[in-house]
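Data block below; observations after.
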Amino acid sequence: MNYRPLLAALFLCFGTLVTSLAQETAPASTPPVADLKILVDQIQAKLRAGKSSAADLAPELAAFDALLTKYATQRTDDVAQILFMQATLYGQVLNDAEKMSALLNRLKVDFPGTKPAAAADSALTALDRRAKAKEASASLVGKPAPQLHFKWATLAGLKTLADLKGKVVVLDFWATWCGPCVSSFPQVRELTAHYKDLAVVVLGVTSIQGSISGLQPQRIDTKGDPQKEMSLMSDYIKAKEITWTIGFSDEEVFNPDYGITGIPHMAIIAPDGTLRHTGLHPAMPHAEKVEKIDALLREFKLPVLATAVVP
């Protein structure tokens with residue numbers, strides 16, 4: 001199995017990684033690969049249903065351990081990739097970098113000489129870079145938000161992020177191929193509805209990717225034709241019931257100015273244009289997002305949704 005596409009996808013999202021696995025595995029696969037494919041399909045189904053917490057995925061996490069026990073006498077690439085995928089699940093879906101690092105180091109010890117073990121070295125290096133990027137993005141808080149320029153947006157007249165000054169802006173960096181991004185749509189929809197008619201703009205930021213996923217069983221190739229990709233976004237928005245603003249930025253969705261190494265990635269900008277929160281996940285509890293946004297609305301003396309008083 002070729003692990004370069006897997007490694008390239010490692011810090012994009014779990015959905016891309018498992019898709020690469022499915023596409024690169026030969027139909028007549030070994031029992032470990034066949035068992036892993038069944039487990040991956042179960043995980044993908046849960047992610048599509050918006051179930052991405054440790055509690056939601058507890059049976060699948062246990063299933064990884066069961067598979068490793070089942071094939072404990074085999075030290076092959078196929079068994080090693082079970083551990084590699086388990087590490088990826090912890091890191092990319094559960095955001096547990098410490099557990100991911102521990103599993104990758106275990107992979108190197110238990111499966112020396114295998115392709116997944118070799119990939120683990122690069123993955124650990126990427127983990128370290130990701131941690132440093134997170135520190136860098138935290139240093140942006142309180143400073144003017146990095147500028148964004150839009151070549152296409154559903155909000156008429158939106159050309160730059162500065163056009164939204166005076167409002168709280170919730171940026172959700174995403175892409176159509178990203179399973180965790182799509183699975184968080186219900187939470188983003190809920191947040192958008194909560195702030196309807198208030199000085200809050202929820203803005204989904206993507207960039208030209210060369211394809212559109214989720215409109216047809218197979219992804220639609222738009223490589224070299226950005227106009228086609230942008231025109232298809234209107235169909236995508238309707239199909240996915242997207243109620244918030246969507247924009248294609250000139251800047252890459254993995255925007256280094258925001259310290260983004262994985263998506264989805266949410267950031268919140270104050271009405272004065274300063275970045276106040278970054279590195280958030282759109283599927284985080286609704287109340288936590290509301291608390292952060294309402295605090296900014298009050299700070300700038302803007303209306304806040306009245307809450308019912310329980311007698």
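Here's how to read the names in the structure tokens: chain A, B, ... by the order shown, residue numbers from 1 in each chain, ligand numbers from 1 in the order shown.
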
Any idea what's packed within 9 Å of range 226-236 of chain A, counting only C-alpha atoms, ignoring anything in its chain fewer than 6 positions away? Could you give it as a ChimeraX atom specification? /A:152,154,176,208-215,220,242,246,248

Taking 4 positions as the minimum chain separation for residues in the same chain, which residues sit within 12 Å of Ala287 in chain A when counting only C-alpha atoms? Answer as number ranges by chain. A: 187, 190-191, 194, 282-283, 291-294

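The smallest atom-to-atom distance between Ser101 in chain A and any of A:Asp128, A:Asp272, A:Asp78, A:Asp250, using only C-alpha atoms, is found for A:Asp128.
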
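Picture a line from CA of Thr222 in chain A to CA of Pro264 in chain A; it runs 21.8 Å.
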
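If you measure from each of A:Pro180, A:Pro256, A:Pro271, A:Pro32 to Leu297 in chain A using only C-alpha atoms, the closest one turns out to be A:Pro271.
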
Which of range 137-279 of chain A counts as strand (DSSP E or B) under DSSP, as number ranges by chain please? A: 144, 149-153, 160, 168-173, 200-206, 211-212, 220-221, 245-249, 265-269, 274-279

For the selection just defined, write its residues with C-alpha atoms to a file, as a compact mmCIF listing (two decimals), in the first residue's frame.
# COMPACT_ATOMS: atom_id res chain seq x y z
CA PRO A 144 -6.09 42.48 13.92
CA HIS A 149 -10.10 38.26 0.03
CA PHE A 150 -13.08 36.63 -1.63
CA LYS A 151 -13.40 35.78 -5.32
CA TRP A 152 -16.96 34.44 -4.81
CA ALA A 153 -19.43 34.69 -1.94
CA THR A 160 -12.77 41.24 1.89
CA VAL A 168 -19.04 39.69 15.09
CA VAL A 169 -17.71 37.36 12.40
CA VAL A 170 -17.57 33.61 12.97
CA LEU A 171 -15.19 32.05 10.46
CA ASP A 172 -15.60 28.35 9.71
CA PHE A 173 -12.76 27.07 7.51
CA VAL A 200 -23.30 38.33 13.71
CA VAL A 201 -22.14 36.81 10.42
CA VAL A 202 -21.33 33.11 10.21
CA LEU A 203 -18.96 32.76 7.26
CA GLY A 204 -17.86 29.41 5.85
CA VAL A 205 -14.47 29.95 4.22
CA THR A 206 -13.15 27.55 1.61
CA SER A 211 -13.13 19.07 -6.97
CA ILE A 212 -16.55 19.04 -5.31
CA ILE A 220 -16.83 16.00 -9.39
CA ASP A 221 -13.49 16.95 -10.92
CA THR A 245 -22.65 32.73 4.18
CA ILE A 246 -20.14 30.80 2.07
CA GLY A 247 -17.11 32.34 0.40
CA PHE A 248 -14.18 31.19 -1.75
CA SER A 249 -11.09 33.01 -0.52
CA HIS A 265 -11.25 25.30 12.13
CA MET A 266 -13.38 28.04 13.64
CA ALA A 267 -12.30 31.56 14.60
CA ILE A 268 -14.28 34.46 16.03
CA ILE A 269 -13.57 38.10 15.16
CA THR A 274 -9.52 41.87 16.17
CA LEU A 275 -9.21 38.12 16.39
CA ARG A 276 -10.60 36.99 19.74
CA HIS A 277 -10.86 33.21 19.47
CA THR A 278 -9.23 30.68 17.17
CA GLY A 279 -8.69 26.94 16.93

Restricting the calculation to only C-alpha atoms: of A:Glu60, A:Gln74, A:Asp110, A:Trp177, which residue gets closest to Arg219 in chain A?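 Of all the options, A:Trp177 lies closest to Arg219 in chain A.
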
Select from range 275-310 of chain A everything DSSP, run on the backbone, classes as alpha helix (DSSP H), then give the selection as a list in words.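 Checking each residue of range 275-310 of chain A, the alpha helix (DSSP H) ones are His286, Ala287, Glu288, Lys289, Val290, Glu291, Lys292, Ile293, Asp294, Ala295, Leu296, Leu297, Arg298 and Glu299 of chain A.
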
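As for CA of Thr261 in chain A and CA of Arg130 in chain A, they are spaced 6.2 Å apart.
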
My list of candidates is A:Ala102, A:Val79, A:Ala138, A:Val93. Which is closest to Cys178 in chain A when distances are computed with only C-alpha atoms?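 Residue with the minimum atom-to-atom distance to Cys178 in chain A: A:Val93.
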
Identify which of the residues A:Met284, A:Leu305, A:Ala199, A:Ile260 lies closest to Lys132 in chain A, counting only C-alpha atoms when measuring atom-to-atom distances.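 Among the listed residues, A:Ile260 lies closest to Lys132 in chain A.
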